[in-house]
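Have a look at data14.cif below; it lists mmCIF, C-alpha atoms.
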```
data_final
loop_
_atom_site.label_atom_id
_atom_site.label_comp_id
_atom_site.auth_asym_id
_atom_site.auth_seq_id
_atom_site.Cartn_x
_atom_site.Cartn_y
_atom_site.Cartn_z
CA MET A 1 0.00 0.00 0.00
CA GLN A 2 1.33 3.43 -0.94
CA LYS A 3 1.24 6.02 1.84
CA GLY A 4 -0.12 9.51 1.50
CA LYS A 5 -2.09 12.27 3.19
CA LEU A 6 -5.79 11.94 3.94
CA LEU A 7 -8.45 14.41 5.02
CA ILE A 8 -11.48 13.13 6.96
CA ILE A 9 -14.50 15.47 6.95
CA ASP A 10 -17.28 14.42 9.35
CA ASP A 11 -19.26 16.27 12.01
CA GLU A 12 -19.33 13.17 14.25
CA GLU A 13 -16.17 13.57 16.30
CA ARG A 14 -16.14 9.99 17.56
CA LEU A 15 -16.33 8.47 14.06
CA ARG A 16 -13.86 11.03 12.74
CA ASN A 17 -11.26 10.10 15.35
CA LEU A 18 -11.86 6.36 14.90
CA LEU A 19 -11.28 6.54 11.14
CA ALA A 20 -8.22 8.69 11.69
CA ARG A 21 -6.76 6.16 14.12
CA ILE A 22 -7.40 3.22 11.77
CA LEU A 23 -5.74 4.95 8.81
CA GLN A 24 -2.82 6.27 10.86
CA LEU A 25 -2.05 2.69 11.90
CA GLU A 26 -1.78 1.89 8.17
CA GLY A 27 0.97 4.50 7.88
CA HIS A 28 -1.01 7.39 6.37
CA GLU A 29 -0.82 10.99 7.52
CA VAL A 30 -4.33 12.05 8.53
CA ILE A 31 -5.90 15.43 9.23
CA THR A 32 -9.55 16.02 10.13
CA ALA A 33 -12.28 18.62 9.78
CA GLY A 34 -15.78 18.88 11.25
CA THR A 35 -17.41 20.87 8.43
CA GLY A 36 -17.18 21.22 4.68
CA LYS A 37 -15.84 24.79 4.89
CA GLU A 38 -13.15 23.73 7.36
CA GLY A 39 -12.20 20.86 5.05
CA LEU A 40 -11.90 23.17 2.01
CA LYS A 41 -9.60 25.48 4.00
CA LYS A 42 -7.33 22.57 4.87
CA LEU A 43 -7.23 21.53 1.21
CA GLN A 44 -5.89 25.00 0.40
CA HIS A 45 -2.93 24.60 2.76
CA ASP A 46 -2.04 20.91 2.32
CA THR A 47 -1.50 18.53 -0.58
CA ILE A 48 -4.28 16.03 0.12
CA HIS A 49 -4.35 12.78 -1.82
CA VAL A 50 -7.62 11.27 -0.56
CA VAL A 51 -10.66 12.84 1.13
CA LEU A 52 -13.16 10.81 3.18
CA SER A 53 -16.29 12.92 3.58
CA ASP A 54 -19.69 12.38 5.10
CA VAL A 55 -22.43 12.87 2.54
CA LYS A 56 -24.45 14.82 5.14
CA LEU A 57 -22.58 17.75 6.66
CA PRO A 58 -24.02 20.65 8.69
CA ASP A 59 -22.99 23.32 6.17
CA ILE A 60 -22.79 21.57 2.78
CA ASP A 61 -23.90 18.27 1.27
CA GLY A 62 -21.28 15.75 0.17
CA ILE A 63 -22.36 15.83 -3.48
CA THR A 64 -21.76 19.57 -3.82
CA LEU A 65 -18.53 19.21 -1.82
CA SER A 66 -17.30 16.47 -4.20
CA GLU A 67 -17.95 18.70 -7.21
CA THR A 68 -16.12 21.62 -5.56
CA ILE A 69 -13.09 19.53 -4.60
CA LYS A 70 -12.73 17.83 -8.00
CA LYS A 71 -13.02 21.16 -9.79
CA SER A 72 -10.21 22.76 -7.76
CA TYR A 73 -8.13 19.65 -7.02
CA PRO A 74 -8.64 17.18 -9.90
CA ASN A 75 -5.86 14.84 -8.71
CA THR A 76 -7.45 14.39 -5.27
CA GLU A 77 -9.74 11.35 -4.86
CA ILE A 78 -12.89 11.43 -2.73
CA ILE A 79 -14.61 8.60 -0.86
CA VAL A 80 -18.10 9.47 0.36
CA LEU A 81 -19.41 8.08 3.66
CA THR A 82 -23.14 7.38 3.49
CA ALA A 83 -25.59 6.43 6.21
CA TYR A 84 -27.68 3.25 5.95
CA GLY A 85 -30.46 3.72 3.40
CA THR A 86 -28.81 6.68 1.63
CA ILE A 87 -26.89 4.71 -1.00
CA ASN A 88 -28.54 6.83 -3.68
CA ASP A 89 -26.57 9.81 -2.34
CA GLY A 90 -23.36 7.83 -2.77
CA VAL A 91 -24.19 7.10 -6.40
CA LYS A 92 -24.90 10.79 -7.00
CA ALA A 93 -21.56 11.68 -5.42
CA ILE A 94 -19.73 9.31 -7.80
CA LYS A 95 -21.42 11.03 -10.72
CA ALA A 96 -20.18 14.31 -9.24
CA GLY A 97 -16.59 13.04 -9.31
CA ALA A 98 -16.15 10.94 -6.17
CA PHE A 99 -13.96 7.83 -6.39
CA ASP A 100 -16.44 5.59 -4.51
CA TYR A 101 -18.80 5.50 -1.55
CA ILE A 102 -19.02 3.34 1.56
CA THR A 103 -21.75 2.82 4.13
CA LYS A 104 -20.90 3.84 7.69
CA GLY A 105 -20.67 1.08 10.25
CA ASP A 106 -21.49 -1.89 8.03
CA ASP A 107 -18.46 -1.61 5.73
CA ASN A 108 -15.61 -0.89 8.18
CA GLU A 109 -13.59 -3.83 6.85
CA LYS A 110 -13.74 -2.26 3.37
CA ILE A 111 -12.27 1.10 4.40
CA ILE A 112 -8.60 0.13 4.20
CA PRO A 113 -8.62 -1.59 0.76
CA LEU A 114 -10.85 1.17 -0.68
CA VAL A 115 -8.55 3.90 0.63
CA SER A 116 -5.59 1.95 -0.76
CA LYS A 117 -7.08 1.92 -4.28
CA ALA A 118 -7.98 5.61 -4.11
CA MET A 119 -4.50 6.45 -2.81
CA ASP A 120 -2.81 4.53 -5.65
CA LYS A 121 -4.87 6.43 -8.20
CA ALA A 122 -4.26 9.82 -6.57
CA LEU A 123 -0.50 9.30 -6.29
CA LEU A 124 -0.31 8.14 -9.91
CA GLN A 125 -2.22 11.23 -11.06
CA GLN A 126 0.11 13.44 -9.03
CA LYS A 127 3.16 11.78 -10.60
CA VAL A 128 1.75 12.26 -14.10
CA ALA A 129 1.04 15.93 -13.33
CA GLU A 130 4.62 16.39 -12.09
CA LEU A 131 6.02 14.75 -15.24
CA GLU A 132 3.84 16.97 -17.44
CA SER A 133 5.08 20.00 -15.54
CA LYS A 134 8.71 18.94 -16.07
CA LEU A 135 7.95 18.34 -19.73
CA ASN A 136 6.57 21.85 -20.03
CA ASP A 137 9.71 23.22 -18.39
CA LYS A 138 11.91 21.24 -20.77
CA PHE A 139 10.07 21.91 -24.01
CA GLY A 140 7.75 24.84 -23.29
CA PHE A 141 8.22 28.59 -23.63
CA ASP A 142 10.08 28.69 -20.29
CA ARG A 143 12.91 26.91 -22.09
CA LEU A 144 13.42 29.91 -24.37
CA ILE A 145 16.19 32.09 -22.97
CA GLY A 146 16.24 35.83 -23.48
CA LYS A 147 14.85 39.13 -22.22
CA SER A 148 15.48 41.35 -25.22
CA THR A 149 12.53 43.04 -26.90
CA ALA A 150 13.27 41.16 -30.13
CA ILE A 151 12.80 37.71 -28.58
CA SER A 152 10.05 38.75 -26.12
CA ASP A 153 7.83 40.01 -28.94
CA VAL A 154 8.30 36.78 -30.89
CA ILE A 155 7.47 34.65 -27.82
CA LYS A 156 4.25 36.61 -27.28
CA LEU A 157 3.20 35.94 -30.88
CA ALA A 158 4.02 32.24 -30.55
CA GLN A 159 2.08 31.93 -27.27
CA LYS A 160 -1.02 33.39 -28.90
CA VAL A 161 -0.95 31.13 -31.95
CA ALA A 162 -0.10 28.06 -29.84
CA LEU A 163 -3.65 27.97 -28.48
CA THR A 164 -5.06 27.46 -31.98
CA ASP A 165 -4.65 24.77 -34.64
CA THR A 166 -3.38 27.32 -37.17
CA THR A 167 -0.49 26.33 -39.44
CA VAL A 168 2.64 28.31 -38.57
CA LEU A 169 5.64 29.13 -40.78
CA LEU A 170 8.81 29.89 -38.80
CA LEU A 171 11.32 32.03 -40.67
CA GLY A 172 14.84 33.04 -39.79
CA GLU A 173 18.50 32.32 -40.32
CA THR A 174 20.09 28.95 -39.65
CA GLY A 175 20.73 28.38 -35.96
CA THR A 176 18.10 30.76 -34.55
CA GLY A 177 16.22 27.97 -32.73
CA LYS A 178 13.25 27.27 -34.98
CA GLU A 179 12.79 23.67 -33.79
CA ILE A 180 12.83 24.75 -30.14
CA PHE A 181 10.10 27.29 -30.94
CA ALA A 182 8.08 24.62 -32.74
CA GLU A 183 8.32 22.33 -29.69
CA ALA A 184 7.25 25.17 -27.41
CA ILE A 185 4.22 25.92 -29.60
CA HIS A 186 3.23 22.25 -29.53
CA GLN A 187 3.72 22.00 -25.77
CA ALA A 188 1.51 25.05 -25.16
CA SER A 189 -1.26 23.74 -27.42
CA ASN A 190 -4.17 21.44 -26.68
CA ARG A 191 -2.24 18.73 -28.56
CA SER A 192 0.59 18.61 -26.00
CA SER A 193 -0.41 15.16 -24.73
CA LYS A 194 0.09 13.74 -28.25
CA SER A 195 3.23 13.31 -30.34
CA PHE A 196 5.53 16.03 -31.59
CA VAL A 197 7.34 14.72 -34.69
CA ALA A 198 10.17 16.70 -36.31
CA VAL A 199 11.62 15.94 -39.73
CA ASN A 200 14.33 17.72 -41.70
CA CYS A 201 13.18 17.82 -45.32
CA SER A 202 16.73 18.34 -46.58
CA ALA A 203 18.05 15.17 -44.96
CA PHE A 204 16.40 12.68 -47.34
CA THR A 205 16.14 11.98 -51.04
CA LYS A 206 12.74 12.61 -52.60
CA GLU A 207 11.79 8.91 -52.64
CA LEU A 208 12.94 8.24 -49.09
CA LEU A 209 11.28 11.39 -47.74
CA GLU A 210 7.95 10.44 -49.33
CA SER A 211 8.11 7.05 -47.63
CA GLU A 212 9.13 8.63 -44.32
CA LEU A 213 6.35 11.21 -44.38
CA PHE A 214 3.46 9.19 -45.77
CA GLY A 215 4.46 5.54 -45.31
CA HIS A 216 4.04 2.72 -47.80
CA LYS A 217 2.29 -0.57 -48.38
CA ALA A 218 4.11 -3.89 -48.55
CA GLY A 219 5.33 -4.55 -52.08
CA ALA A 220 5.12 -0.92 -53.16
CA PHE A 221 8.78 -1.03 -54.20
CA THR A 222 11.82 -3.27 -53.88
CA GLY A 223 12.61 -3.71 -50.22
CA ALA A 224 9.11 -2.79 -48.99
CA VAL A 225 8.52 -6.12 -47.27
CA LYS A 226 5.81 -4.88 -44.91
CA ASP A 227 3.46 -1.96 -44.38
CA LYS A 228 5.08 1.12 -42.87
CA LYS A 229 3.42 3.98 -41.01
CA GLY A 230 4.63 7.41 -42.08
CA LEU A 231 5.48 10.30 -39.80
CA PHE A 232 2.11 11.93 -40.45
CA GLU A 233 0.43 8.87 -38.97
CA GLU A 234 2.89 8.85 -36.06
CA ALA A 235 1.92 12.47 -35.37
CA ASN A 236 -1.83 11.79 -35.57
CA GLY A 237 -3.58 13.92 -32.96
CA GLY A 238 -0.39 15.90 -32.40
CA THR A 239 1.99 18.12 -34.34
CA ILE A 240 4.45 17.55 -37.18
CA PHE A 241 7.31 20.00 -37.69
CA LEU A 242 8.70 20.19 -41.22
CA ASP A 243 12.11 21.85 -41.04
CA GLU A 244 13.82 23.17 -44.19
CA ILE A 245 10.48 23.11 -46.01
CA GLY A 246 12.07 25.07 -48.85
CA GLU A 247 14.03 21.93 -49.80
CA LEU A 248 10.86 19.88 -50.40
CA ASP A 249 10.59 18.32 -53.85
CA HIS A 250 7.88 19.79 -56.13
CA ASP A 251 5.91 16.51 -56.30
CA LEU A 252 5.93 16.17 -52.50
CA GLN A 253 4.75 19.77 -52.21
CA ALA A 254 1.54 18.69 -53.98
CA LYS A 255 1.01 15.81 -51.52
CA LEU A 256 1.64 18.13 -48.58
CA LEU A 257 -0.89 20.60 -49.97
CA ARG A 258 -3.47 17.80 -50.01
CA VAL A 259 -2.80 17.07 -46.35
CA LEU A 260 -3.21 20.74 -45.48
CA GLU A 261 -6.48 20.97 -47.38
CA SER A 262 -8.13 17.67 -46.45
CA GLN A 263 -5.99 16.01 -43.73
CA GLN A 264 -5.67 13.07 -46.12
CA PHE A 265 -2.87 11.45 -48.09
CA ILE A 266 -2.28 8.26 -50.05
CA LYS A 267 0.56 5.98 -49.03
CA ILE A 268 3.00 4.71 -51.63
CA GLY A 269 1.43 1.59 -53.16
CA ASP A 270 -2.01 2.24 -51.67
CA THR A 271 -5.24 3.15 -53.44
CA ARG A 272 -7.22 4.44 -50.49
CA PRO A 273 -6.57 7.70 -48.63
CA THR A 274 -5.41 7.71 -45.02
CA GLN A 275 -7.13 10.21 -42.73
CA VAL A 276 -5.15 12.04 -40.03
CA ASN A 277 -5.63 14.92 -37.61
CA VAL A 278 -2.30 16.72 -37.54
CA ARG A 279 -1.18 20.29 -36.96
CA ILE A 280 1.61 21.34 -39.32
CA LEU A 281 4.42 23.67 -38.31
CA ALA A 282 7.08 24.45 -40.92
CA ALA A 283 10.36 26.33 -41.01
CA THR A 284 12.87 27.60 -43.55
CA ASN A 285 15.84 29.92 -43.83
CA ARG A 286 15.06 30.53 -47.51
CA ASN A 287 13.06 33.35 -49.03
CA LEU A 288 10.08 31.34 -50.29
CA LEU A 289 8.73 34.22 -52.35
CA ASN A 290 11.98 34.18 -54.33
CA GLU A 291 11.68 30.40 -54.60
CA ILE A 292 8.16 30.84 -56.02
CA ASN A 293 9.41 33.35 -58.61
CA ASP A 294 12.16 30.90 -59.60
CA GLY A 295 9.60 28.10 -59.98
CA HIS A 296 11.00 26.02 -57.10
CA PHE A 297 8.09 26.37 -54.65
CA ARG A 298 4.33 26.23 -55.14
CA SER A 299 2.56 29.49 -54.40
CA ASP A 300 -0.62 27.72 -53.22
CA LEU A 301 1.39 25.68 -50.71
CA TYR A 302 3.19 28.81 -49.51
CA TYR A 303 -0.08 30.60 -48.77
CA ARG A 304 -1.44 27.57 -46.89
CA LEU A 305 1.74 27.25 -44.83
CA SER A 306 2.11 30.95 -44.08
CA VAL A 307 -1.29 31.56 -42.49
CA PHE A 308 0.70 32.76 -39.48
CA GLN A 309 4.35 33.73 -39.92
CA ILE A 310 6.88 34.19 -37.14
CA THR A 311 10.35 35.49 -37.97
CA LEU A 312 12.95 34.56 -35.36
CA PRO A 313 15.56 37.27 -34.78
CA ALA A 314 19.23 36.63 -35.51
CA LEU A 315 21.51 36.57 -32.47
CA ARG A 316 23.20 39.81 -33.55
CA GLU A 317 19.76 41.48 -33.22
CA ARG A 318 19.45 40.43 -29.59
CA LYS A 319 22.86 41.19 -28.09
CA LYS A 320 21.34 41.63 -24.61
CA ASP A 321 20.63 37.89 -24.59
CA ILE A 322 24.16 36.74 -25.48
CA LYS A 323 25.38 36.74 -21.87
CA LEU A 324 22.28 34.86 -20.65
CA LEU A 325 22.66 32.24 -23.37
CA ALA A 326 26.39 31.87 -22.77
CA GLU A 327 25.82 31.36 -19.03
CA PHE A 328 23.19 28.74 -19.74
CA PHE A 329 25.46 26.83 -22.13
CA MET A 330 28.38 27.13 -19.70
CA GLN A 331 26.34 25.55 -16.89
CA HIS A 332 24.98 22.87 -19.21
CA PHE A 333 28.35 21.76 -20.57
CA ALA A 334 30.14 22.11 -17.23
CA LEU A 335 27.66 19.62 -15.79
CA LYS A 336 28.04 17.39 -18.82
CA VAL A 337 31.85 17.18 -18.61
CA LYS A 338 31.83 17.30 -14.78
CA LYS A 339 33.80 20.51 -14.38
CA GLN A 340 33.37 23.30 -11.84
CA VAL A 341 33.06 26.12 -14.37
CA ASN A 342 30.84 28.96 -13.13
CA THR A 343 32.19 32.31 -14.33
CA LEU A 344 32.44 34.22 -17.61
CA SER A 345 35.14 36.90 -17.62
CA ASP A 346 34.17 40.44 -18.65
CA GLU A 347 36.53 40.23 -21.63
CA PHE A 348 34.96 36.92 -22.72
CA ILE A 349 31.49 38.49 -22.67
CA GLU A 350 32.68 41.63 -24.49
CA LYS A 351 34.13 39.57 -27.31
CA LEU A 352 30.96 37.49 -27.59
CA GLU A 353 28.81 40.63 -27.78
CA ALA A 354 31.07 42.21 -30.44
CA TYR A 355 30.95 39.16 -32.73
CA PRO A 356 28.35 39.17 -35.58
CA TRP A 357 27.34 35.48 -35.12
CA PRO A 358 26.69 34.22 -38.66
CA GLY A 359 25.82 30.84 -37.14
CA ASN A 360 23.54 32.37 -34.48
CA ILE A 361 22.71 30.46 -31.26
CA ARG A 362 24.08 27.19 -32.62
CA GLU A 363 27.47 28.82 -33.17
CA LEU A 364 27.44 30.37 -29.69
CA LYS A 365 26.63 26.98 -28.19
CA ASN A 366 29.57 25.36 -30.00
CA ILE A 367 32.01 28.08 -28.93
CA VAL A 368 30.99 27.88 -25.26
CA GLU A 369 31.18 24.08 -25.32
CA ARG A 370 34.70 24.30 -26.75
CA ALA A 371 35.72 26.82 -24.08
CA VAL A 372 34.36 24.64 -21.25
CA ILE A 373 36.34 21.66 -22.57
CA LEU A 374 39.56 23.68 -22.88
CA THR A 375 39.51 25.56 -19.57
CA ASP A 376 41.64 24.42 -16.65
CA SER A 377 39.92 26.73 -14.17
CA ASN A 378 36.42 27.73 -13.14
CA VAL A 379 36.49 30.78 -15.45
CA LEU A 380 35.96 31.12 -19.18
CA ASP A 381 38.25 33.89 -20.44
CA GLU A 382 39.10 35.38 -23.84
CA SER A 383 42.06 33.05 -24.41
CA LEU A 384 39.60 30.18 -24.88
CA LEU A 385 37.84 31.81 -27.84
CA PRO A 386 38.62 30.94 -31.47
CA TYR A 387 41.55 32.84 -32.92
CA GLU A 388 39.58 34.99 -35.36
CA MET A 389 37.34 36.23 -32.54
CA GLN A 390 40.37 37.24 -30.51
CA GLN A 391 41.98 38.80 -33.59
CA GLN A 392 38.92 40.90 -34.29
CA GLN A 393 39.06 42.31 -30.79
CA VAL A 394 42.79 42.99 -30.95
CA LYS A 395 42.06 45.53 -33.67
CA SER A 396 41.00 48.01 -30.98
CA GLY A 397 37.50 46.61 -30.88
CA ALA A 398 36.41 48.90 -33.72
CA PRO A 399 34.80 47.55 -36.90
CA ILE A 400 37.10 46.74 -39.80
CA SER A 401 37.21 49.53 -42.37
CA ALA A 402 34.40 49.28 -44.86
CA PHE A 403 36.95 50.01 -47.60
CA ASP A 404 39.10 46.99 -46.73
CA LEU A 405 36.96 44.46 -48.62
CA SER A 406 39.60 41.73 -48.78
CA SER A 407 40.02 41.79 -44.99
CA VAL A 408 36.28 41.62 -44.46
CA GLU A 409 35.93 38.73 -46.89
CA LYS A 410 38.84 36.83 -45.35
CA LEU A 411 37.45 37.22 -41.83
CA HIS A 412 33.96 36.20 -42.90
CA ILE A 413 35.21 33.05 -44.68
CA GLN A 414 37.17 32.10 -41.57
CA ARG A 415 34.10 32.54 -39.37
CA VAL A 416 31.96 30.39 -41.63
CA LEU A 417 34.65 27.67 -41.71
CA ASN A 418 34.74 27.70 -37.91
CA HIS A 419 30.97 27.42 -37.85
CA THR A 420 31.07 24.35 -40.13
CA HIS A 421 34.04 22.88 -38.24
CA GLY A 422 36.14 22.99 -41.38
CA ASN A 423 33.54 21.39 -43.68
CA ARG A 424 34.32 23.27 -46.90
CA ALA A 425 31.34 21.99 -48.90
CA GLU A 426 28.94 23.20 -46.22
CA ALA A 427 30.85 26.49 -45.91
CA ALA A 428 30.54 27.05 -49.68
CA HIS A 429 26.80 26.39 -49.42
CA LEU A 430 26.39 28.92 -46.59
CA LEU A 431 28.51 31.48 -48.47
CA ASN A 432 26.39 30.86 -51.58
CA ILE A 433 29.49 30.25 -53.75
CA GLY A 434 30.86 27.21 -55.56
CA VAL A 435 33.30 24.89 -53.82
CA ALA A 436 35.95 25.67 -56.47
CA THR A 437 35.55 29.40 -55.76
CA LEU A 438 35.96 28.76 -52.04
CA TYR A 439 39.18 26.80 -52.59
CA ARG A 440 40.52 29.64 -54.75
CA LYS A 441 39.79 32.18 -52.03
CA LEU A 442 41.33 29.95 -49.34
CA LYS A 443 44.54 29.85 -51.37
CA GLU A 444 44.37 33.61 -52.02
CA TYR A 445 44.03 34.42 -48.32
CA ASN A 446 46.43 31.69 -47.09
CA LEU A 447 43.62 29.98 -45.19
CA GLU A 448 44.31 26.45 -46.47
#
```
Take the structure in this file and express it as structure tokens.
Amino acid sequence: MQKGKLLIIDDEERLRNLLARILQLEGHEVITAGTGKEGLKKLQHDTIHVVLSDVKLPDIDGITLSETIKKSYPNTEIIVLTAYGTINDGVKAIKAGAFDYITKGDDNEKIIPLVSKAMDKALLQQKVAELESKLNDKFGFDRLIGKSTAISDVIKLAQKVALTDTTVLLLGETGTGKEIFAEAIHQASNRSSKSFVAVNCSAFTKELLESELFGHKAGAFTGAVKDKKGLFEEANGGTIFLDEIGELDHDLQAKLLRVLESQQFIKIGDTRPTQVNVRILAATNRNLLNEINDGHFRSDLYYRLSVFQITLPALRERKKDIKLLAEFFMQHFALKVKKQVNTLSDEFIEKLEAYPWPGNIRELKNIVERAVILTDSNVLDESLLPYEMQQQQVKSGAPISAFDLSSVEKLHIQRVLNHTHGNRAEAAHLLNIGVATLYRKLKEYNLE
């Protein structure tokens, strides 16, 4: 038997004390009240798991009391005590939310097992509520760090749209935290108890992505040995987040449009539509209007996706948040690598705030993680920053001359290479130049 706290509400002092004694001997903590009002006051000041209440009280009837308690304390279970011949009142109390009823005097041997069942249910409900609260802390809007006006305004918009089923298009540069925002929107919605499924549209070939999103029937293609549920089915009742939506193949755009319009799709190899109830959130760092003009993105899909647009600010637009974010990442990685790192030097912060952050929050996270790994003390100082960040600050902290284009270009290429951890193909993609051009510039600037 799990132990918890009980409240006994009964105007008969003798019975009240007897029940309290019996349940205390079972290891429960018991408090008592002689009236309904007194009992409600004690519920306000204590976490009560189970209430035993007489159905006939001097100030309120047990049925009304059960309704009041369940409305304010849904995780608390109620057992109603009825007098002989008033079983009908017990049934009414159950309909009002009570766990069960028991007849006074005749059913004393049933008190302990009945309380045990009610206690198990109440403690389970409390545990679930605590887990949901932790989940909200981990994935909800409280997870979003920042006090700047730029991020506060965006959070307010997201909180408003979260309460609806409206499709949301998240815009912004790479690394601004679009998936975290999508999770927060889901967690604040009425779909939070269902699945949140995230998929990066640029991570798959067209054929594989179609199978991943919509599923397939056995025999639909070579290797399809059994039926497969797609991610839309996995997200049924919940939310699907389509990251890098601008990379979606034109044919798949048509299938996605069908889902948006009818909540239906046809699996590969199937002839019948599959019905789902899914909220769609999407994100991109591309200018979709330009993609439409270039014939790469469907205009009808764009207007269905962009019912509600939220543009996440770049990190350079929210410099007030850089210190907060750096402190958070420092604490996170210090715990991860089991180091006592708890201080950011003033110079370290100054250099972070002066940097333009082409890789946004993701780049800041990587730089702080690197610094935590390298430090031999409890302080992160400027010597732990990448060379080009230090070099930029050495130049008196003032911006490089706008006329010195080669210096600006060299510094920017170096930053992007640091962001991609030396991956030159990815760096060329971010710089929007060919790989051959990048190699030529690396040789020109002695960055090889």
Revision key, fill the gap. One decimal place gives the CA of Asp120 in chain A-CA of His49 in chain A separation as 9.2 Å
Exercise for review: List the residues matched by the PyMOL selection byres ((chain A and resi 73) around 10) in the displayed structure as a PyMOL selection string, ordered by chain and then by residue number.
Suggested key: chain A and resi 43-44+47-49+67-72+74-77
Review point. Do you have the CA of Pro313 in chain A-CA of Glu291 in chain A distance handy?
Key: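 CA of Pro313 in chain A sits 21.3 Å away from CA of Glu291 in chain A.
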Check your understanding: If we count only C-alpha atoms, what is near Leu260 in chain A at a cut-off of 12 Å, once residues fewer than 3 positions away on the same chain are taken out, given as an NGL selection string?
Key -> :A and (165-168 or 232 or 240 or 253-257 or 263-265 or 275-282 or 300-307)
Exercise for review: For CA of Ile102 in chain A and CA of Val115 in chain A, determine how far apart the two atoms are, in Å to one decimal place.
Suggested key: 10.5 Å
Practice item. Using the chain letters and residue numbers of this document, give as a list of chain:residue names the residues selected by the PyMOL selection byres ((chain A and resi 332-339) around 10). Key: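 On the file shown, the PyMOL selection byres ((chain A and resi 332-339) around 10) covers A:Ala326, A:Glu327, A:Phe328, A:Phe329, A:Met330, A:Gln331, A:Gln340, A:Val341, A:Asn342, A:Lys365, A:Val368, A:Glu369, A:Arg370, A:Ala371, A:Val372, A:Ile373, A:Thr375, A:Asp376, A:Ser377, A:Asn378.
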**Study point:** Among listed residues A:Ser193, A:Asn200, A:Ser53, A:Asn446, nearest Ala98 in chain A (using all atoms listed in the file)
**Key:**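 Smallest distance to Ala98 in chain A is found for A:Ser53.
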